[in-house]
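Working notes, structure below.
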2 protein chains.
Amino acid sequence: MQQLADPFLLNLLLIFVCAKLFGELFERFKLPAVLGEITAGIAMGPMALAVVAPSNSVQSISELGAIFLLFAVGLETQPRELINVGRTSLGVALAGVLVPFAAGFVYVVLHGDSPQEATFVATAMVATSVGITARVLGDLDALQARAAKIILAAAVFDDIIGILLLSVVAGMATADGVEWQSLVLLLAESVAFAVFMIFIAPRIIRRMHGRLHHVTTRNASLVVALLICLALSVAAEKIGMASIVGAFFAGLAFADFAPGLRPQVNALSEFLAPFFFFMMGAQLDLHVLTPKLILPVAVISILAILSKVIGCGLPLLPEGWRTALKVGVGMTPRGEVGLIVALIALNAKMISEEMYAIVILMIAVTTIFAPPVLRVLFRYPRFADERAGAAAVAGEPVQ
Amino acid sequence: MQQLADPFLLNLLLIFVCAKLFGELFERFKLPAVLGEITAGIAMGPMALAVVAPSNSVQSISELGAIFLLFAVGLETQPRELINVGRTSLGVALAGVLVPFAAGFVYVVLHGDSPQEATFVATAMVATSVGITARVLGDLDALQARAAKIILAAAVFDDIIGILLLSVVAGMATADGVEWQSLVLLLAESVAFAVFMIFIAPRIIRRMHGRLHHVTTRNASLVVALLICLALSVAAEKIGMASIVGAFFAGLAFADFAPGLRPQVNALSEFLAPFFFFMMGAQLDLHVLTPKLILPVAVISILAILSKVIGCGLPLLPEGWRTALKVGVGMTPRGEVGLIVALIALNAKMISEEMYAIVILMIAVTTIFAPPVLRVLFRYPRFADERAGAAAVAGEPVQ
């Protein structure tokens, strides 16, 4: 009955094997495993060797992987810790948006392109994608460092700013223009969601958890946690935020119950997250990198990295350059929002195909740049300037 | 950006909520949770309320759910225990195939249909689908009972017999007829696979596990176990066996390391398996049940249940009627093989559409029949006749 063999399982197996082999290989060369998983995706994906053919099903699995990854990261984070770094993180997020935007805008205009094209490129340089940083910090047992808390809180602000900017440029790309009313609504919804999740939801969960013994379902505590994780991911997406931010909020809300949930949620994330990073690589179309694009891609990538590191780092200089650098590098990876902005602009013929390719490759470079640098910053003692950071460097899990 | 909201996550959420709500409800009425999950699928699925639209992605998730469920069950099973009940189980599996086949064949012929049609219907009545029984026994903490070991071992034999019969009828449905050579090959491959997995693989895994400290990948023990689980599921499918039998073998091979792996694999199964049972229900098309089919469906379902209980139970009577009854009922659920046989026969116009509907509904009835009866048999003291069974009845997890 070989005709019944399902390519889905085989694909899953091949992807998991490749991702983990590359991860192991990279670790041996003192590079982060996650970079190996992305490289596996680039090498084995449909754009290169085409060993595996990612289907919708694999795409869905990878989406779940990102969700459980951020749920696990949320479990390691007490809402109080985020509130403590709230004001600092808002500054980090704002400067981390303004500086890259200004840098991108000025560069494209100086390059001789229209201010309109410059606006789109600048917007695509703005929004941080926190998934990869979260994974690297988790792998390094560094989620308890102050720099990690600042990154996570800033990522929440960054996501809100990102979707607002995305709405603005999406409006610019249509005949109707920007709908300021819906923009205000979007801002109100996302801020209300974040405030509710950080200040109120953890208390509700705490009360609810005390009543779980009335439930007869087996392993009710895990079931309820998974349910709320899925529900908040969907809710975040409905508002317009990233689903992983919803999953992160769900983790926060259950942080008090992390000791019981951690091994179980980690297992889900351990199995599913590699598909997310593999697909990240598999979706990178290296064919767009023609020789004449190498220089502009290099320039704009360096600009994207420097502007984010400087933007996010500046407000943190009073805390010491080490923390500033860690947070700055942790915020460099760009992701989905940038890709969507670029795609909207391309479809509306507001940027050239060439510029589109440059933006895609810039996003890839920032994603590949962050993990190895973060590994050095969080692992080597000379960059340790905080209590929690020092413990993490010593190789102990910081609890 | 609501247009970006992905129906996949929403579907997943709705299915998980419905499955768990129905499961909780059923538990309160002293019915197995798994039956609630199947009922949720029937009620919410595309055939009835159509609240959720199961996509390929959800189908893939449900497939993974069955795989991790059987992997978890395998982890609870020492290969030695299966070998101990090997001879008994072979008798159970053989009689459990012969009696239903004979009953089905005689009934259809007496009913006035052709011997050919009778052969197909009889074959569809043969193969046990062990997923649901495994889940019920797991939920009841009864996997350590002797009856459970006999069911699991007999299910392996049953799967091998089932694929052989499937090949025979698939050959009958083509112009070429049955290819006896490939049938012998199929038998040799599946027996070799089973023998290798039960007698040799656990030793290889034990040696390999001792060397895992050379691996730098995080959580290497889980990663390797997941990898081998996927690999064996694919291998089983390649041979022609059920992928879940491969996953069960993988669990067996890692049974020595169950204490470390159990909570993690259980988390995967806890999250993913409800999708399997929900989809089981969602795929049942109740529209085929017309009033005039009620009687034949009832008759053939009773025949299917009685013949399996008698066939599997008879060889076990020396061990007492309680064990015989437990094993017999545990083996009643029919599944995929029966569905495939019916579909092949329908496509080859070798059974009528009416008979096809009867077979589908018979499979549904056997699936729905087993869980509540198993719950009574394994939970109430009057059916306890074994040491392990007695402990399970007392509500203690039997380790």
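Going by the structure tokens order, chains are called A, B, ..., each with residues numbered from 1, while ligands are numbered from 1 in the order shown.
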Which chain B residues are at most 7 Å from chain A (counting only C-alpha atoms), as an MDAnalysis selection string?
chainID B and resid 1:2 5 9:10 13 17 24 27 56:57 60 216:217 227 230:231 234 237:240 263:264 267:268
Write out, as a PDB file, in the first residue's frame, the residues just selected, with C-alpha atoms.
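The resulting result_0.pdb:
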```pdb
ATOM      1  CA  MET B   1      -4.643  44.051   9.122  1.00  0.00           C
ATOM      2  CA  GLN B   2      -7.512  41.660   9.829  1.00  0.00           C
ATOM      3  CA  ALA B   5      -5.723  36.640  10.302  1.00  0.00           C
ATOM      4  CA  LEU B   9      -5.174  29.139  14.264  1.00  0.00           C
ATOM      5  CA  LEU B  10      -8.837  29.980  14.727  1.00  0.00           C
ATOM      6  CA  LEU B  13      -8.712  27.000  18.797  1.00  0.00           C
ATOM      7  CA  VAL B  17     -12.222  24.183  22.831  1.00  0.00           C
ATOM      8  CA  GLU B  24     -15.329  17.413  30.229  1.00  0.00           C
ATOM      9  CA  GLU B  27     -16.512  12.738  31.968  1.00  0.00           C
ATOM     10  CA  ASN B  56      -5.275  19.801   5.299  1.00  0.00           C
ATOM     11  CA  SER B  57      -3.314  21.451   8.079  1.00  0.00           C
ATOM     12  CA  SER B  60      -1.925  16.787   9.443  1.00  0.00           C
ATOM     13  CA  THR B 216      25.666  19.423  22.284  1.00  0.00           C
ATOM     14  CA  THR B 217      22.087  19.934  21.076  1.00  0.00           C
ATOM     15  CA  LEU B 227      13.386  11.953  15.568  1.00  0.00           C
ATOM     16  CA  LEU B 230       8.984  10.236  13.215  1.00  0.00           C
ATOM     17  CA  ALA B 231      11.434   7.996  11.370  1.00  0.00           C
ATOM     18  CA  VAL B 234       7.469   6.938   8.137  1.00  0.00           C
ATOM     19  CA  GLU B 237       4.010   3.625   6.385  1.00  0.00           C
ATOM     20  CA  LYS B 238       6.577   2.836   3.700  1.00  0.00           C
ATOM     21  CA  ILE B 239       6.237  -0.881   4.400  1.00  0.00           C
ATOM     22  CA  GLY B 240       2.476  -0.574   4.320  1.00  0.00           C
ATOM     23  CA  PRO B 263       6.003  14.249  30.781  1.00  0.00           C
ATOM     24  CA  GLN B 264       7.334  15.736  27.560  1.00  0.00           C
ATOM     25  CA  ALA B 267       2.403  17.051  26.628  1.00  0.00           C
ATOM     26  CA  LEU B 268       2.676  16.581  22.869  1.00  0.00           C
TER      27      LEU B 268
END
```
Using only C-alpha atoms, pick whichever of B:Gly36, B:Gly330, B:Pro372, B:Pro318 has the shortest atom-to-atom distance to Leu152 of chain B.
B:Gly330
Excluding Val299 of chain A and any residue of its chain fewer than 3 positions from it, enumerate the residues within 12 Å of it, using only C-alpha atoms, and give them as an MDAnalysis selection string.
chainID A and resid 103:104 107:108 111 293:296 302:307 358:359 361:362 365
Same residues, N, CA and C atoms, output as a PDB file, in the first residue's frame:
```
ATOM      1  N   ALA A 103      17.266  56.743   9.278  1.00  0.00           N
ATOM      2  CA  ALA A 103      18.430  56.278   8.516  1.00  0.00           C
ATOM      3  C   ALA A 103      17.994  55.766   7.146  1.00  0.00           C
ATOM      4  N   GLY A 104      16.941  54.936   7.140  1.00  0.00           N
ATOM      5  CA  GLY A 104      16.467  54.374   5.873  1.00  0.00           C
ATOM      6  C   GLY A 104      15.965  55.456   4.935  1.00  0.00           C
ATOM      7  N   TYR A 107      18.830  57.601   3.553  1.00  0.00           N
ATOM      8  CA  TYR A 107      19.659  56.842   2.616  1.00  0.00           C
ATOM      9  C   TYR A 107      18.988  56.728   1.244  1.00  0.00           C
ATOM     10  N   VAL A 108      17.711  56.360   1.236  1.00  0.00           N
ATOM     11  CA  VAL A 108      17.029  56.140  -0.047  1.00  0.00           C
ATOM     12  C   VAL A 108      16.885  57.465  -0.811  1.00  0.00           C
ATOM     13  N   HIS A 111      20.039  58.427  -2.261  1.00  0.00           N
ATOM     14  CA  HIS A 111      20.308  57.506  -3.361  1.00  0.00           C
ATOM     15  C   HIS A 111      19.598  57.951  -4.634  1.00  0.00           C
ATOM     16  N   LEU A 293      23.400  43.666  -6.797  1.00  0.00           N
ATOM     17  CA  LEU A 293      22.656  44.000  -5.563  1.00  0.00           C
ATOM     18  C   LEU A 293      23.529  43.876  -4.319  1.00  0.00           C
ATOM     19  N   ILE A 294      24.672  43.212  -4.463  1.00  0.00           N
ATOM     20  CA  ILE A 294      25.475  42.916  -3.268  1.00  0.00           C
ATOM     21  C   ILE A 294      25.827  44.182  -2.495  1.00  0.00           C
ATOM     22  N   LEU A 295      26.300  45.204  -3.211  1.00  0.00           N
ATOM     23  CA  LEU A 295      26.709  46.428  -2.523  1.00  0.00           C
ATOM     24  C   LEU A 295      25.525  47.114  -1.833  1.00  0.00           C
ATOM     25  N   PRO A 296      24.435  47.419  -2.555  1.00  0.00           N
ATOM     26  CA  PRO A 296      23.318  48.072  -1.846  1.00  0.00           C
ATOM     27  C   PRO A 296      22.771  47.248  -0.677  1.00  0.00           C
ATOM     28  N   ILE A 302      23.922  47.046   6.848  1.00  0.00           N
ATOM     29  CA  ILE A 302      24.752  47.661   7.895  1.00  0.00           C
ATOM     30  C   ILE A 302      23.997  48.827   8.537  1.00  0.00           C
ATOM     31  N   LEU A 303      23.338  49.591   7.676  1.00  0.00           N
ATOM     32  CA  LEU A 303      22.539  50.705   8.167  1.00  0.00           C
ATOM     33  C   LEU A 303      21.424  50.203   9.095  1.00  0.00           C
ATOM     34  N   ALA A 304      20.775  49.139   8.681  1.00  0.00           N
ATOM     35  CA  ALA A 304      19.665  48.594   9.478  1.00  0.00           C
ATOM     36  C   ALA A 304      20.163  48.117  10.837  1.00  0.00           C
ATOM     37  N   ILE A 305      21.325  47.475  10.826  1.00  0.00           N
ATOM     38  CA  ILE A 305      21.870  46.946  12.087  1.00  0.00           C
ATOM     39  C   ILE A 305      22.345  48.088  12.986  1.00  0.00           C
ATOM     40  N   LEU A 306      23.159  48.982  12.413  1.00  0.00           N
ATOM     41  CA  LEU A 306      23.716  50.072  13.222  1.00  0.00           C
ATOM     42  C   LEU A 306      22.611  50.958  13.785  1.00  0.00           C
ATOM     43  N   SER A 307      21.629  51.300  12.926  1.00  0.00           N
ATOM     44  CA  SER A 307      20.591  52.221  13.385  1.00  0.00           C
ATOM     45  C   SER A 307      19.773  51.604  14.514  1.00  0.00           C
ATOM     46  N   ILE A 358      16.161  44.048  -2.303  1.00  0.00           N
ATOM     47  CA  ILE A 358      17.122  44.573  -1.331  1.00  0.00           C
ATOM     48  C   ILE A 358      16.544  44.505   0.088  1.00  0.00           C
ATOM     49  N   VAL A 359      15.264  44.875   0.214  1.00  0.00           N
ATOM     50  CA  VAL A 359      14.630  44.867   1.540  1.00  0.00           C
ATOM     51  C   VAL A 359      14.558  43.436   2.092  1.00  0.00           C
ATOM     52  N   LEU A 361      16.428  40.903   1.414  1.00  0.00           N
ATOM     53  CA  LEU A 361      17.763  40.419   1.791  1.00  0.00           C
ATOM     54  C   LEU A 361      18.263  41.129   3.048  1.00  0.00           C
ATOM     55  N   MET A 362      17.928  42.413   3.190  1.00  0.00           N
ATOM     56  CA  MET A 362      18.297  43.137   4.414  1.00  0.00           C
ATOM     57  C   MET A 362      17.673  42.461   5.637  1.00  0.00           C
ATOM     58  N   VAL A 365      19.594  39.401   6.400  1.00  0.00           N
ATOM     59  CA  VAL A 365      20.903  39.677   7.017  1.00  0.00           C
ATOM     60  C   VAL A 365      20.741  40.012   8.500  1.00  0.00           C
TER      61      VAL A 365
END
```
For Lys149 of chain A, list every protein, DNA or RNA residue within 8 Å, evaluated using only C-alpha atoms, and leave out those in the same chain fewer than 6 positions away; present the list as a PyMOL selection string.
chain A and resi 77+81-82+85+143
Would you mind exporting N, CA and C atoms of the selected residues as a short mmCIF file (atom, residue, chain, number, x, y, z; two decimals), in the first residue's frame?
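Final output, selection-v1.cif:
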```
data_model
loop_
_atom_site.label_atom_id
_atom_site.label_comp_id
_atom_site.auth_asym_id
_atom_site.auth_seq_id
_atom_site.Cartn_x
_atom_site.Cartn_y
_atom_site.Cartn_z
N THR A 77 8.71 34.74 32.37
CA THR A 77 8.71 36.18 32.59
C THR A 77 7.57 36.56 33.54
N GLU A 81 8.18 42.01 36.29
CA GLU A 81 9.48 42.32 35.72
C GLU A 81 9.34 43.20 34.48
N LEU A 82 8.30 42.92 33.69
CA LEU A 82 8.07 43.74 32.50
C LEU A 82 7.65 45.15 32.89
N VAL A 85 10.54 47.37 33.89
CA VAL A 85 11.38 47.94 32.82
C VAL A 85 10.50 48.66 31.80
N LEU A 143 17.22 34.17 29.77
CA LEU A 143 15.95 34.90 29.77
C LEU A 143 15.73 35.71 31.04
#
```
Closest of B:Ala348, B:Met331, B:Val297, B:Leu137 to Leu94 of chain B - atom-to-atom distances counting only C-alpha atoms
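Counting only C-alpha atoms, the residue closest to Leu94 of chain B is B:Met331.
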All alpha helix (DSSP H) positions in segment 116-328 of chain B, as a PyMOL selection string
chain B and resi 116-124+131-139+146-172+180-195+201-210+220-239+243-253+258-282+294-313+321-328
Straight-line distance linking atom CA of Thr123 of chain B with atom CA of Val184 of chain B, stated in Å to one decimal
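If I compute the distance from atom CA of Thr123 of chain B to atom CA of Val184 of chain B, I get 18.7 Å.
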So which residues touch Pro79 of chain A within 12 Å, counting only C-alpha atoms, skipping near sequence neighbours fewer than 2 positions away, as a ChimeraX atom specification?
/A:74-77,81-86,149,152-153,194-203,248-256
Please list as a PDB file with C-alpha atoms, in the first residue's frame every residue within 10 Å of Phe101 of chain A, counting only C-alpha atoms and excluding residues in the same chain fewer than 5 positions away.
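The file below, selection03.pdb, is the result:
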```pdb
ATOM      1  CA  ALA A  95      14.214  55.333  19.612  1.00  0.00           C
ATOM      2  CA  GLY A  96      14.612  51.888  18.034  1.00  0.00           C
ATOM      3  CA  VAL A 106      17.684  59.614   4.313  1.00  0.00           C
ATOM      4  CA  TYR A 107      19.659  56.842   2.616  1.00  0.00           C
ATOM      5  CA  ALA A 118      11.962  56.107   0.874  1.00  0.00           C
ATOM      6  CA  THR A 119       8.983  56.013   3.249  1.00  0.00           C
ATOM      7  CA  PHE A 120       8.233  52.381   2.423  1.00  0.00           C
ATOM      8  CA  VAL A 121      11.823  51.229   2.703  1.00  0.00           C
ATOM      9  CA  ALA A 122      12.225  53.140   5.966  1.00  0.00           C
ATOM     10  CA  THR A 123       9.075  51.518   7.369  1.00  0.00           C
ATOM     11  CA  ALA A 124      10.287  48.063   6.406  1.00  0.00           C
ATOM     12  CA  MET A 125      13.463  48.768   8.429  1.00  0.00           C
ATOM     13  CA  VAL A 126      11.537  49.524  11.593  1.00  0.00           C
ATOM     14  CA  ALA A 127       9.772  46.573  13.226  1.00  0.00           C
ATOM     15  CA  ALA A 304      19.665  48.594   9.478  1.00  0.00           C
ATOM     16  CA  SER A 307      20.591  52.221  13.385  1.00  0.00           C
ATOM     17  CA  LYS A 308      18.749  49.654  15.504  1.00  0.00           C
TER      18      LYS A 308
END
```
For Gln144 of chain B, the nearest of the candidates B:Thr367, B:Thr323, B:Gln78, B:Thr174, counting only C-alpha atoms
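Checking each candidate against Gln144 of chain B, we get B:Gln78 as the closest.
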Met279 of chain A environment, 8 Å, only C-alpha atoms, sequence neighbours closer than 6 positions dropped, as a ChimeraX atom specification:
/A:38,41,45,54,59,62
Can you spit out the residues from that selection as a CSV table (one decimal), in the first residue's frame, using all heavy atoms?
```
chain,number,residue,atom,x,y,z
A,38,ILE,N,18.0,27.7,10.6
A,38,ILE,CA,17.7,28.6,9.4
A,38,ILE,C,18.5,28.2,8.2
A,38,ILE,O,18.0,28.1,7.1
A,38,ILE,CB,18.0,30.1,9.8
A,38,ILE,CG1,17.0,30.5,11.0
A,38,ILE,CG2,17.8,31.0,8.6
A,38,ILE,CD1,17.4,31.9,11.5
A,41,GLY,N,17.2,25.4,6.4
A,41,GLY,CA,16.0,25.7,5.6
A,41,GLY,C,16.5,26.3,4.3
A,41,GLY,O,16.0,26.0,3.2
A,45,GLY,N,15.7,23.9,1.4
A,45,GLY,CA,14.4,24.4,1.0
A,45,GLY,C,14.3,24.4,-0.5
A,45,GLY,O,15.2,24.1,-1.3
A,54,PRO,N,8.0,22.3,1.4
A,54,PRO,CA,7.2,22.7,2.4
A,54,PRO,C,5.7,22.9,2.0
A,54,PRO,O,5.5,23.6,1.0
A,54,PRO,CB,7.8,24.0,2.9
A,54,PRO,CG,9.2,24.1,2.2
A,54,PRO,CD,9.0,23.3,1.0
A,59,GLN,N,3.8,24.6,7.0
A,59,GLN,CA,3.7,26.1,7.3
A,59,GLN,C,2.9,26.2,8.6
A,59,GLN,O,3.3,27.0,9.5
A,59,GLN,CB,3.1,26.8,6.1
A,59,GLN,CG,3.0,28.3,6.3
A,59,GLN,CD,4.4,28.9,6.3
A,59,GLN,OE1,5.2,28.6,5.4
A,59,GLN,NE2,4.6,29.8,7.3
A,62,SER,N,4.9,25.2,11.5
A,62,SER,CA,5.9,26.2,11.9
A,62,SER,C,5.3,27.4,12.6
A,62,SER,O,5.9,27.9,13.5
A,62,SER,CB,6.6,26.6,10.6
A,62,SER,OG,6.0,27.7,10.0
```
Expressed in Å, the length from atom CA of Pro100 of chain A to atom CA of Val168 of chain A is 17.0 Å
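Here the question is which of B:Val373, B:Val309, B:Val245, B:Val130 gets nearest to Pro333 of chain B using only C-alpha atoms, and that residue is B:Val130.
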Proximity to Leu90 of chain A - best of A:Pro371, A:Glu336, A:Ile360, A:Ile150, only C-alpha atoms
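Among the listed residues, the smallest separation from Leu90 of chain A belongs to A:Ile150.
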